[in-house]
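S.K.: The structure file target.txt (compact mmCIF, C-alpha atoms) is provided below.
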# COMPACT_ATOMS: atom_id res chain seq x y z
CA ASN A 8 82.52 -46.42 -60.36
CA GLU A 9 79.05 -46.98 -58.96
CA GLU A 10 79.08 -43.40 -57.64
CA ASP A 11 80.10 -42.07 -61.06
CA ASN A 12 77.34 -44.05 -62.78
CA VAL A 13 74.71 -42.59 -60.46
CA GLY A 14 75.91 -39.09 -61.32
CA ASN A 15 75.82 -39.80 -65.05
CA GLU A 16 72.31 -41.19 -64.80
CA VAL A 17 71.15 -38.10 -62.94
CA VAL A 18 72.54 -35.57 -65.35
CA ASN A 19 71.19 -37.56 -68.30
CA ALA A 20 67.74 -38.30 -66.93
CA ALA A 21 65.71 -35.39 -68.28
CA ALA A 22 67.44 -35.46 -71.64
CA ILE A 23 66.89 -39.21 -72.06
CA ALA A 24 63.20 -38.79 -71.25
CA GLU A 25 63.02 -35.97 -73.77
CA ASN A 26 64.64 -38.06 -76.50
CA ASN A 27 62.42 -41.07 -75.79
CA ASN A 28 59.29 -38.95 -75.98
CA ASN A 29 60.40 -37.45 -79.26
CA GLY A 30 61.18 -40.86 -80.67
CA ALA A 31 57.81 -42.27 -79.63
CA ARG A 32 55.79 -39.91 -81.75
CA GLU A 33 56.10 -37.84 -84.88
CA VAL A 34 55.83 -34.14 -84.21
CA GLU A 35 53.48 -32.41 -86.62
CA GLU A 36 54.34 -29.03 -88.13
CA GLY A 37 51.37 -27.57 -86.30
CA ASP A 38 52.85 -28.68 -82.99
CA HIS A 39 56.09 -26.95 -83.91
CA ASP A 40 54.16 -23.78 -84.68
CA VAL A 41 52.40 -23.90 -81.29
CA GLU A 42 55.67 -24.49 -79.44
CA ASP A 43 57.41 -21.75 -81.41
CA ASN A 44 54.61 -19.33 -80.57
CA MET A 45 54.80 -20.34 -76.88
CA GLY A 46 58.55 -19.79 -76.92
CA ARG A 47 58.06 -16.36 -78.51
CA ILE A 48 55.50 -15.35 -75.87
CA VAL A 49 57.75 -16.44 -73.01
CA MET A 50 60.76 -14.69 -74.54
CA GLU A 51 58.81 -11.45 -74.91
CA ARG A 52 57.74 -11.51 -71.26
CA ILE A 53 61.28 -11.81 -69.91
CA ARG A 54 63.09 -8.53 -69.29
CA TRP A 55 66.47 -9.36 -70.78
CA PRO A 56 69.53 -7.34 -69.71
CA VAL A 57 70.55 -4.75 -72.31
CA GLN A 58 74.10 -5.83 -73.00
CA ASP A 59 76.40 -5.83 -76.00
CA LEU A 60 78.80 -8.49 -74.80
CA GLN A 61 80.49 -8.86 -78.19
CA LYS A 62 81.37 -5.17 -78.20
CA GLY A 63 82.71 -5.34 -74.65
CA CYS A 64 84.75 -8.45 -75.37
CA LYS A 65 86.26 -6.92 -78.50
CA TRP A 66 87.09 -3.67 -76.69
CA THR A 67 88.75 -5.61 -73.87
CA THR A 68 90.66 -7.83 -76.30
CA ASP A 69 91.97 -4.80 -78.23
CA LEU A 70 93.01 -3.08 -75.00
CA MET A 71 94.90 -6.12 -73.73
CA ALA A 72 96.58 -6.54 -77.13
CA ASN A 73 97.90 -2.97 -76.85
CA PHE A 74 99.06 -3.66 -73.31
CA ALA A 75 100.87 -6.80 -74.54
CA ILE A 76 102.93 -4.75 -77.01
CA TYR A 77 104.24 -2.53 -74.23
CA PHE A 78 104.71 -5.46 -71.87
CA GLY A 79 107.04 -6.96 -74.45
CA HIS A 80 109.10 -3.77 -74.78
CA ILE A 81 109.37 -3.02 -71.07
CA LEU A 82 110.03 -6.55 -69.86
CA SER A 83 112.27 -7.80 -72.69
CA THR A 84 115.49 -7.39 -70.67
CA SER A 85 114.03 -7.87 -67.20
CA PHE A 86 113.82 -10.90 -64.94
CA TYR A 87 110.12 -10.57 -64.26
CA PRO A 88 107.65 -13.13 -65.69
CA VAL A 89 107.15 -12.98 -69.45
CA LEU A 90 103.53 -11.98 -70.09
CA GLN A 91 101.77 -13.69 -73.00
CA ARG A 92 98.71 -12.53 -74.93
CA ALA A 93 95.59 -12.41 -72.74
CA ILE A 94 92.88 -15.07 -73.11
CA GLY A 95 89.25 -14.05 -72.57
CA VAL A 96 87.55 -16.26 -69.97
CA GLY A 97 84.39 -16.25 -67.89
CA SER A 98 80.73 -15.77 -68.78
CA ALA A 99 81.09 -12.64 -70.94
CA PHE A 100 83.57 -14.35 -73.29
CA GLU A 101 81.36 -17.45 -73.28
CA GLY A 102 78.56 -15.23 -74.64
CA TRP A 103 76.29 -14.73 -71.61
CA SER A 104 76.17 -12.94 -68.28
CA PRO A 105 74.11 -13.39 -65.10
CA ARG A 106 74.44 -9.67 -64.39
CA GLU A 107 71.99 -7.05 -65.60
CA ARG A 108 74.71 -4.39 -65.53
CA ASP A 109 78.34 -4.00 -64.46
CA VAL A 110 79.46 -7.00 -66.50
CA VAL A 111 82.99 -8.11 -65.61
CA TYR A 112 85.19 -8.83 -68.63
CA ARG A 113 87.70 -11.32 -67.28
CA VAL A 114 90.96 -12.25 -68.99
CA LEU A 115 93.75 -14.64 -68.08
CA VAL A 116 97.33 -13.57 -68.83
CA PRO A 117 99.62 -16.62 -69.16
CA MET A 118 103.09 -16.17 -67.65
CA THR A 119 106.29 -17.95 -68.64
CA PRO A 120 109.61 -17.82 -66.79
CA PRO A 121 112.17 -15.14 -67.67
CA ARG A 122 115.71 -15.88 -68.81
CA GLY A 123 117.69 -17.93 -66.35
CA HIS A 124 114.59 -19.19 -64.52
CA THR A 125 112.23 -22.17 -64.69
CA PHE A 126 108.74 -22.76 -63.27
CA HIS A 127 107.84 -26.04 -61.55
CA LEU A 128 104.25 -26.74 -60.55
CA GLU A 129 103.97 -28.56 -57.23
CA LEU A 130 100.61 -30.11 -56.31
CA ASP A 131 99.37 -29.47 -52.80
CA THR A 132 98.24 -32.97 -51.80
CA ALA A 133 96.32 -31.53 -48.85
CA GLY A 134 93.97 -29.69 -51.20
CA GLN A 135 90.23 -29.91 -50.79
CA ARG A 136 87.95 -32.16 -52.79
CA CYS A 137 87.32 -30.90 -56.38
CA VAL A 138 90.00 -28.24 -55.95
CA ARG A 139 93.59 -28.95 -56.94
CA ASN A 140 95.91 -26.32 -55.52
CA PHE A 141 99.46 -25.81 -56.71
CA ARG A 142 102.53 -23.81 -55.84
CA VAL A 143 104.79 -22.40 -58.56
CA ARG A 144 108.38 -23.05 -57.52
CA VAL A 145 110.87 -20.73 -59.22
CA GLN A 146 114.30 -22.22 -59.84
CA LEU A 147 117.44 -20.64 -61.29
CA GLU A 148 119.17 -22.32 -64.20
CA CYS A 149 122.69 -21.96 -65.52
CA THR A 150 123.09 -19.52 -68.41
CA CYS A 151 126.85 -19.92 -68.84
CA THR A 152 126.27 -22.13 -71.88
CA GLY A 153 123.49 -22.66 -74.38
CA GLU A 154 121.21 -20.03 -75.89
CA HIS A 155 122.11 -17.36 -73.31
CA GLN A 156 125.88 -17.73 -73.77
CA GLY A 157 127.44 -14.46 -74.89
CA ALA A 158 124.24 -12.52 -74.18
CA ASP A 159 124.29 -9.44 -72.00
CA MET A 160 123.45 -11.49 -68.93
CA LEU A 161 125.36 -12.81 -65.96
CA CYS A 162 124.65 -16.30 -64.67
CA PHE A 163 122.73 -16.09 -61.39
CA LEU A 164 124.22 -19.43 -60.33
CA HIS A 165 127.91 -18.96 -61.14
CA HIS A 166 128.73 -15.25 -60.95
CA PRO A 167 129.72 -13.66 -57.62
CA GLU A 168 126.82 -12.03 -55.75
CA GLU A 169 128.65 -8.70 -55.57
CA GLU A 170 129.07 -8.64 -59.35
CA LEU A 171 125.41 -9.55 -59.81
CA ARG A 172 124.24 -6.78 -57.48
CA SER A 173 126.40 -4.18 -59.25
CA ASN A 174 125.69 -5.12 -62.87
CA GLN A 175 122.35 -6.88 -63.11
CA ASP A 176 118.76 -6.56 -61.92
CA PRO A 177 117.73 -9.00 -59.17
CA SER A 178 116.34 -12.40 -60.08
CA LEU A 179 112.65 -13.22 -59.91
CA LEU A 180 113.36 -15.04 -56.64
CA HIS A 181 114.14 -11.67 -55.03
CA THR A 182 111.21 -9.70 -56.45
CA LEU A 183 107.91 -11.61 -56.74
CA CYS A 184 108.63 -14.76 -54.72
CA THR A 185 108.15 -15.86 -51.14
CA ALA A 186 110.49 -18.68 -50.08
CA SER A 187 111.22 -19.70 -53.70
CA TYR A 188 107.52 -19.74 -54.66
CA LEU A 189 105.79 -17.25 -56.93
CA ASP A 190 103.61 -15.01 -54.77
CA VAL A 191 100.11 -14.12 -56.06
CA GLN A 192 99.81 -10.86 -54.12
CA LYS A 193 103.27 -9.61 -55.07
CA THR A 194 102.50 -10.45 -58.70
CA ALA A 195 99.22 -8.52 -58.53
CA ARG A 196 100.92 -5.42 -57.06
CA TRP A 197 103.61 -5.56 -59.73
CA PHE A 198 101.01 -5.83 -62.49
CA TYR A 199 99.08 -2.86 -61.06
CA GLN A 200 102.25 -0.78 -61.33
CA LEU A 201 102.74 -1.91 -64.93
CA VAL A 202 99.18 -0.97 -65.91
CA ARG A 203 99.46 2.44 -64.23
CA ALA A 204 102.80 3.16 -65.95
CA ILE A 205 101.78 1.97 -69.42
CA TRP A 206 98.24 3.40 -69.59
CA PRO A 207 99.22 6.98 -70.66
CA ALA A 208 101.04 5.56 -73.70
CA LEU A 209 98.03 3.61 -74.99
CA PRO A 210 95.73 5.11 -77.66
CA GLN A 211 92.70 4.35 -75.45
CA SER A 212 93.98 6.78 -72.81
CA HIS A 213 93.17 9.77 -75.07
CA THR A 214 89.41 9.25 -74.76
CA TRP A 215 88.99 6.88 -71.82
CA HIS A 216 89.58 7.36 -68.08
CA LEU A 217 91.22 4.57 -66.06
CA VAL A 218 90.25 3.81 -62.45
CA LEU A 219 92.20 1.06 -60.68
CA LEU A 220 90.13 -1.03 -58.25
CA PRO A 221 91.40 -2.82 -55.13
CA SER A 222 92.23 -6.51 -55.41
CA ARG A 223 94.90 -8.68 -53.84
CA HIS A 224 94.80 -11.60 -56.28
CA SER A 225 94.16 -9.95 -59.65
CA CYS A 226 94.29 -6.57 -61.36
CA GLN A 227 90.85 -4.97 -61.59
CA PHE A 228 90.07 -1.65 -63.21
CA LYS A 229 87.25 0.29 -64.83
CA VAL A 230 87.52 2.42 -67.96
CA THR A 231 84.93 5.09 -68.79
CA ASN A 232 84.45 7.70 -71.48
CA GLY A 233 81.36 9.47 -70.14
CA ARG A 234 78.91 7.33 -72.13
CA GLU A 235 80.20 3.79 -71.67
CA SER A 236 82.19 1.92 -69.09
CA PHE A 237 83.85 -1.47 -68.97
CA ARG A 238 84.99 -3.33 -65.88
CA ILE A 239 87.95 -5.61 -66.50
CA GLU A 240 89.65 -8.17 -64.29
CA VAL A 241 93.09 -9.51 -65.21
CA LEU A 242 94.07 -12.87 -63.72
CA PHE A 243 97.53 -14.40 -64.00
CA GLY A 244 98.21 -18.02 -64.76
CA VAL A 245 100.79 -20.65 -65.59
CA ARG A 246 99.85 -23.21 -68.23
CA GLN A 247 100.12 -26.91 -67.47
CA GLY A 248 102.23 -28.18 -70.34
CA ASP A 249 100.55 -27.50 -73.70
CA SER A 250 97.03 -28.00 -72.33
CA ASP A 251 94.06 -25.67 -71.80
CA VAL A 252 94.36 -26.05 -68.02
CA PHE A 253 96.18 -23.42 -65.96
CA VAL A 254 96.99 -22.65 -62.38
CA SER A 255 95.52 -19.23 -61.66
CA SER A 256 95.77 -16.33 -59.25
CA GLN A 257 92.01 -16.41 -58.57
CA PRO A 258 91.44 -17.87 -55.08
CA ARG A 259 88.54 -20.15 -54.22
CA GLU A 260 88.62 -19.37 -50.51
CA ALA A 261 88.97 -16.18 -48.50
CA CYS A 262 92.07 -17.33 -46.61
CA THR A 263 94.02 -18.81 -49.52
CA PRO A 264 97.81 -18.46 -48.91
CA SER A 265 99.55 -16.02 -51.23
CA THR A 266 101.73 -18.78 -52.71
CA THR A 267 98.72 -20.97 -53.62
CA TRP A 268 97.65 -21.11 -57.28
CA PRO A 269 94.37 -23.08 -57.73
CA GLU A 270 93.83 -25.08 -60.89
CA THR A 271 91.43 -23.39 -63.31
CA TYR A 272 89.46 -24.83 -66.22
CA ALA A 273 88.16 -21.46 -67.47
CA VAL A 274 90.05 -21.63 -70.79
CA ALA A 275 88.77 -25.15 -71.50
CA GLU A 276 85.21 -24.03 -70.71
CA VAL A 277 85.43 -21.05 -73.08
CA LYS A 278 86.66 -23.40 -75.82
CA PHE A 279 83.70 -25.70 -75.12
CA PHE A 280 81.19 -22.85 -75.61
CA LYS A 281 82.95 -21.83 -78.84
CA TYR A 282 82.75 -25.44 -80.00
CA ILE A 283 78.99 -25.47 -79.32
CA ALA A 284 78.52 -22.07 -81.01
CA ARG A 285 79.94 -23.43 -84.27
CA ARG A 286 77.39 -26.27 -84.30
CA VAL A 287 74.11 -24.81 -83.08
CA PRO A 288 71.62 -23.21 -85.51
CA PRO A 289 71.80 -19.39 -85.85
CA ASP A 290 68.66 -18.93 -83.74
CA SER A 291 69.82 -21.16 -80.88
CA LEU A 292 68.78 -20.00 -77.42
CA HIS A 293 71.16 -22.15 -75.33
CA LEU A 294 72.89 -19.04 -73.97
CA LYS A 295 69.54 -17.38 -73.25
CA CYS A 296 68.52 -20.48 -71.27
CA LEU A 297 71.73 -20.29 -69.26
CA GLN A 298 71.44 -16.54 -68.73
CA PHE A 299 67.80 -16.75 -67.65
CA PHE A 300 68.30 -19.61 -65.23
CA THR A 301 71.42 -18.17 -63.58
CA ARG A 302 69.61 -14.84 -63.20
CA LEU A 303 66.65 -16.68 -61.67
CA GLN A 304 68.93 -18.34 -59.10
CA LEU A 305 70.74 -15.19 -57.90
CA GLY A 306 70.41 -14.91 -54.14
CA SER A 307 69.70 -18.62 -53.66
CA GLY A 308 72.14 -21.25 -52.43
CA PHE A 309 72.85 -22.45 -55.98
CA SER A 310 75.93 -20.86 -57.47
CA THR A 311 76.18 -19.61 -61.03
CA TYR A 312 78.78 -22.29 -61.64
CA THR A 313 76.33 -25.00 -60.56
CA ILE A 314 73.73 -23.90 -63.13
CA LYS A 315 76.41 -23.51 -65.79
CA THR A 316 77.62 -27.06 -65.09
CA VAL A 317 74.09 -28.46 -65.49
CA VAL A 318 73.68 -26.65 -68.81
CA MET A 319 77.10 -27.76 -70.12
CA HIS A 320 76.16 -31.39 -69.43
CA LEU A 321 72.83 -30.94 -71.23
CA LEU A 322 74.55 -29.36 -74.24
CA THR A 323 76.51 -32.60 -74.72
CA ILE A 324 73.38 -34.75 -74.40
CA ILE A 325 70.55 -32.91 -76.16
CA PRO A 326 71.15 -32.42 -79.91
CA VAL A 327 72.21 -28.87 -80.78
CA SER A 328 69.21 -28.57 -83.11
CA ARG A 329 66.85 -28.70 -80.09
CA TRP A 330 67.82 -25.40 -78.51
CA ARG A 331 65.69 -23.18 -80.75
CA ARG A 332 62.86 -20.86 -79.74
CA ARG A 333 60.23 -23.59 -80.04
CA ASP A 334 62.31 -25.65 -77.55
CA PHE A 335 62.85 -22.79 -75.08
CA VAL A 336 60.28 -23.86 -72.47
CA ARG A 337 61.31 -27.53 -72.70
CA ARG A 338 64.99 -26.70 -72.22
CA LEU A 339 64.20 -24.55 -69.18
CA MET A 340 62.25 -27.50 -67.77
CA ASP A 341 65.19 -29.80 -68.50
CA ILE A 342 67.55 -27.52 -66.59
CA SER A 343 65.13 -27.32 -63.68
CA GLU A 344 64.53 -31.08 -63.61
CA ASN A 345 68.23 -31.91 -63.80
CA LEU A 346 68.98 -29.52 -60.95
CA ARG A 347 66.25 -31.14 -58.85
CA LEU A 348 67.51 -34.66 -59.55
CA CYS A 349 71.10 -33.69 -58.76
CA VAL A 350 70.05 -32.14 -55.45
CA GLU A 351 67.89 -35.16 -54.57
CA VAL A 352 70.71 -37.69 -55.04
CA ARG A 353 73.34 -35.19 -53.87
CA ARG A 354 75.52 -35.46 -56.95
CA LEU A 355 76.56 -33.14 -59.77
CA ASN A 356 79.60 -34.21 -61.76
CA HIS A 357 82.24 -31.61 -62.56
CA PHE A 358 82.15 -30.95 -66.29
CA ILE A 359 85.90 -30.96 -66.98
CA LEU A 360 87.52 -33.20 -64.34
CA GLY A 361 87.38 -36.82 -65.42
CA ASN A 362 85.27 -36.06 -68.51
CA ARG A 363 86.59 -38.31 -71.29
CA ARG A 364 83.95 -37.17 -73.80
CA LEU A 365 85.06 -33.58 -74.32
CA PRO A 366 85.70 -32.35 -77.87
CA ARG A 367 89.18 -33.27 -79.09
CA GLU A 368 90.16 -29.64 -79.57
CA ILE A 369 90.04 -29.16 -75.79
CA SER A 370 93.40 -30.30 -74.46
CA LEU A 371 93.62 -31.60 -70.90
CA PRO A 372 96.60 -32.91 -68.93
CA PRO A 373 96.36 -36.73 -68.60
CA GLU A 374 95.92 -36.52 -64.82
CA VAL A 375 92.92 -34.18 -65.29
CA GLN A 376 91.27 -36.19 -68.05
CA MET A 377 91.80 -39.55 -66.33
CA SER A 378 90.97 -38.40 -62.80
CA ARG A 379 87.93 -39.65 -60.92
CA THR A 380 84.76 -37.71 -61.51
CA CYS A 381 84.43 -34.90 -58.99
CA ASN A 382 81.08 -34.36 -57.23
CA LEU A 383 80.28 -30.66 -56.87
CA PHE A 384 77.52 -31.60 -54.40
CA HIS A 385 79.85 -33.52 -52.09
CA HIS A 386 78.98 -31.13 -49.25
CA LEU A 387 75.34 -32.26 -49.48
CA VAL A 388 76.46 -35.85 -48.92
CA MET A 389 78.38 -34.87 -45.81
CA ASP A 390 75.80 -32.50 -44.32
CA PRO A 391 72.13 -33.61 -44.13
CA VAL A 392 71.08 -30.14 -42.95
CA ALA A 393 72.66 -28.56 -46.04
CA HIS A 394 70.87 -31.12 -48.20
CA SER A 395 67.48 -30.29 -46.65
CA GLN A 396 68.16 -26.60 -47.15
CA ALA A 397 69.13 -27.14 -50.78
CA MET A 398 65.90 -29.06 -51.43
CA SER A 399 63.93 -26.24 -49.81
CA GLU A 400 65.72 -23.60 -51.89
CA TYR A 401 65.06 -25.58 -55.05
When written as structure tokens, how does the structure in this file appear?
M.R.:
Amino acid sequence: NEEDNVGNEVVNAAAIAENNNNGAREVEEGDHDVEDNMGRIVMERIRWPVQDLQKGCKWTTDLMANFAIYFGHILSTSFYPVLQRAIGVGSAFEGWSPRERDVVYRVLVPMTPPRGHTFHLELDTAGQRCVRNFRVRVQLECTCTGEHQGADMLCFLHHPEEELRSNQDPSLLHTLCTASYLDVQKTARWFYQLVRAIWPALPQSHTWHLVLLPSRHSCQFKVTNGRESFRIEVLFGVRQGDSDVFVSSQPREACTPSTTWPETYAVAEVKFFKYIARRVPPDSLHLKCLQFFTRLQLGSGFSTYTIKTVVMHLLTIIPVSRWRRRDFVRRLMDISENLRLCVEVRRLNHFILGNRRLPREISLPPEVQMSRTCNLFHHLVMDPVAHSQAMSEY
């Protein structure tokens, strides 16, 4: 608890100072004009990436909706995973991007078990700190009775194997699994084949050219029409109950086993940014602050996710009305100061894990919401050399 309190104090420090200063004096209109003019000057001197993220997100959403129609037709009688409508995740769907070009439009396709199968998520208790890894165990269920009774389907559990081989496609256990567990790499290869087979039937194929890109844990491809291009990455996931938390095919380490599905909070984070977008003034620059600072940090030891986490904490502390142009320089200073404080005390709390103050519309599994706060800077605690390097890079 003491460790958690230190982290909360750190992430709040700059914002509390800001609020105290504002409460100590009345800001004259002239001061607002000066700050607004300063914000305008700074904004004009930054070379912002020329991106139409809304257009790219809509194009990607429409494409995946068309894919979903054909997925439903092709897979309706199969024993492959049932593919649900894609959910846009990642920076582009949050409304910002650290990249100047080649923006990646990332989507997560939820999967549910096919007929006669169930999914069971098994937590890997040997997982690393701040990363919960799961395996998706696939289990056969009896279809002799219940909703599948009388359907054109043999029961995998109670019909002879010879009859099953002769009259029915193999179960999911014999196609995309390794030792009863859903295999990420086999799933990715299968999805590649689906995309390649379905693409010619889509209306987009008449004017766009598809290029499949190599990936072992997702399906990545680029579409071009001579003038524009979009790079899309499709991840696969299994939802935890009815929550906004999934286990995903995106690995966090290079040597992740093919049956490991790390927990992802990408859907919950997108919902948080949408929640903020509905409450900020029309001229809010909170996404510009995030985009500028992540761009500034490229090539340093601070990850994009670190800066994003700092900004998400500040968005819950500093009133949404204080992210306008006149506040631009102050907010950049807040981000910088919070990053410095977090590095100094070697603590940055994860934004989702253990956060009991998230908006109600973001649904978390009880074990995620009630878990201990996770320190993203834990490695700085364990390694004094890494801490010194981080201070130097700051």
S.K.: Have a look at A:Ser187, A:Leu303, A:Leu360, A:Pro372 and name the one nearest to Tyr401 (chain A); count only C-alpha atoms.
M.R.: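 For Tyr401 (chain A), the nearest of the given residues is A:Leu303.
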S.K.: What lies within 7 Å of region 272-282 of chain A using all atoms listed in the file, ignoring chain neighbours under 5 positions off, as a PyMOL selection string?
M.R.: chain A and resi 96-97+100-101+251-253+369
S.K.: Tell me which protein, DNA and RNA residues are within 12 Å of Glu107 (chain A), counting all atoms listed in the file, leaving out same-chain ones fewer than 3 positions away, and put them as number ranges by chain.
M.R.: A: 54-60, 99, 103-104, 110-111, 298-299, 301-303, 305
S.K.: Pick out the closest residue to Val317 (chain A) from this set: A:Glu42, A:Ser291, A:Ile283, A:Leu383. Count only C-alpha atoms.
M.R.: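 Comparing A:Glu42, A:Ser291, A:Ile283, A:Leu383 against Val317 (chain A), the winner is A:Leu383.
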S.K.: Please write as a compact mmCIF listing (two decimals) with C-alpha atoms, in the frame of the given file the list of polymer residues whose atoms come within 10 Å of (63.3, -25.6, -75.1), counting only C-alpha atoms and keeping to the coordinates of the file.
M.R.:
# COMPACT_ATOMS: atom_id res chain seq x y z
CA GLU A 42 55.67 -24.49 -79.44
CA ASP A 43 57.41 -21.75 -81.41
CA GLY A 46 58.55 -19.79 -76.92
CA SER A 291 69.82 -21.16 -80.88
CA LEU A 292 68.78 -20.00 -77.42
CA HIS A 293 71.16 -22.15 -75.33
CA CYS A 296 68.52 -20.48 -71.27
CA ARG A 329 66.85 -28.70 -80.09
CA TRP A 330 67.82 -25.40 -78.51
CA ARG A 331 65.69 -23.18 -80.75
CA ARG A 332 62.86 -20.86 -79.74
CA ARG A 333 60.23 -23.59 -80.04
CA ASP A 334 62.31 -25.65 -77.55
CA PHE A 335 62.85 -22.79 -75.08
CA VAL A 336 60.28 -23.86 -72.47
CA ARG A 337 61.31 -27.53 -72.70
CA ARG A 338 64.99 -26.70 -72.22
CA LEU A 339 64.20 -24.55 -69.18
CA MET A 340 62.25 -27.50 -67.77
CA ASP A 341 65.19 -29.80 -68.50
CA ILE A 342 67.55 -27.52 -66.59
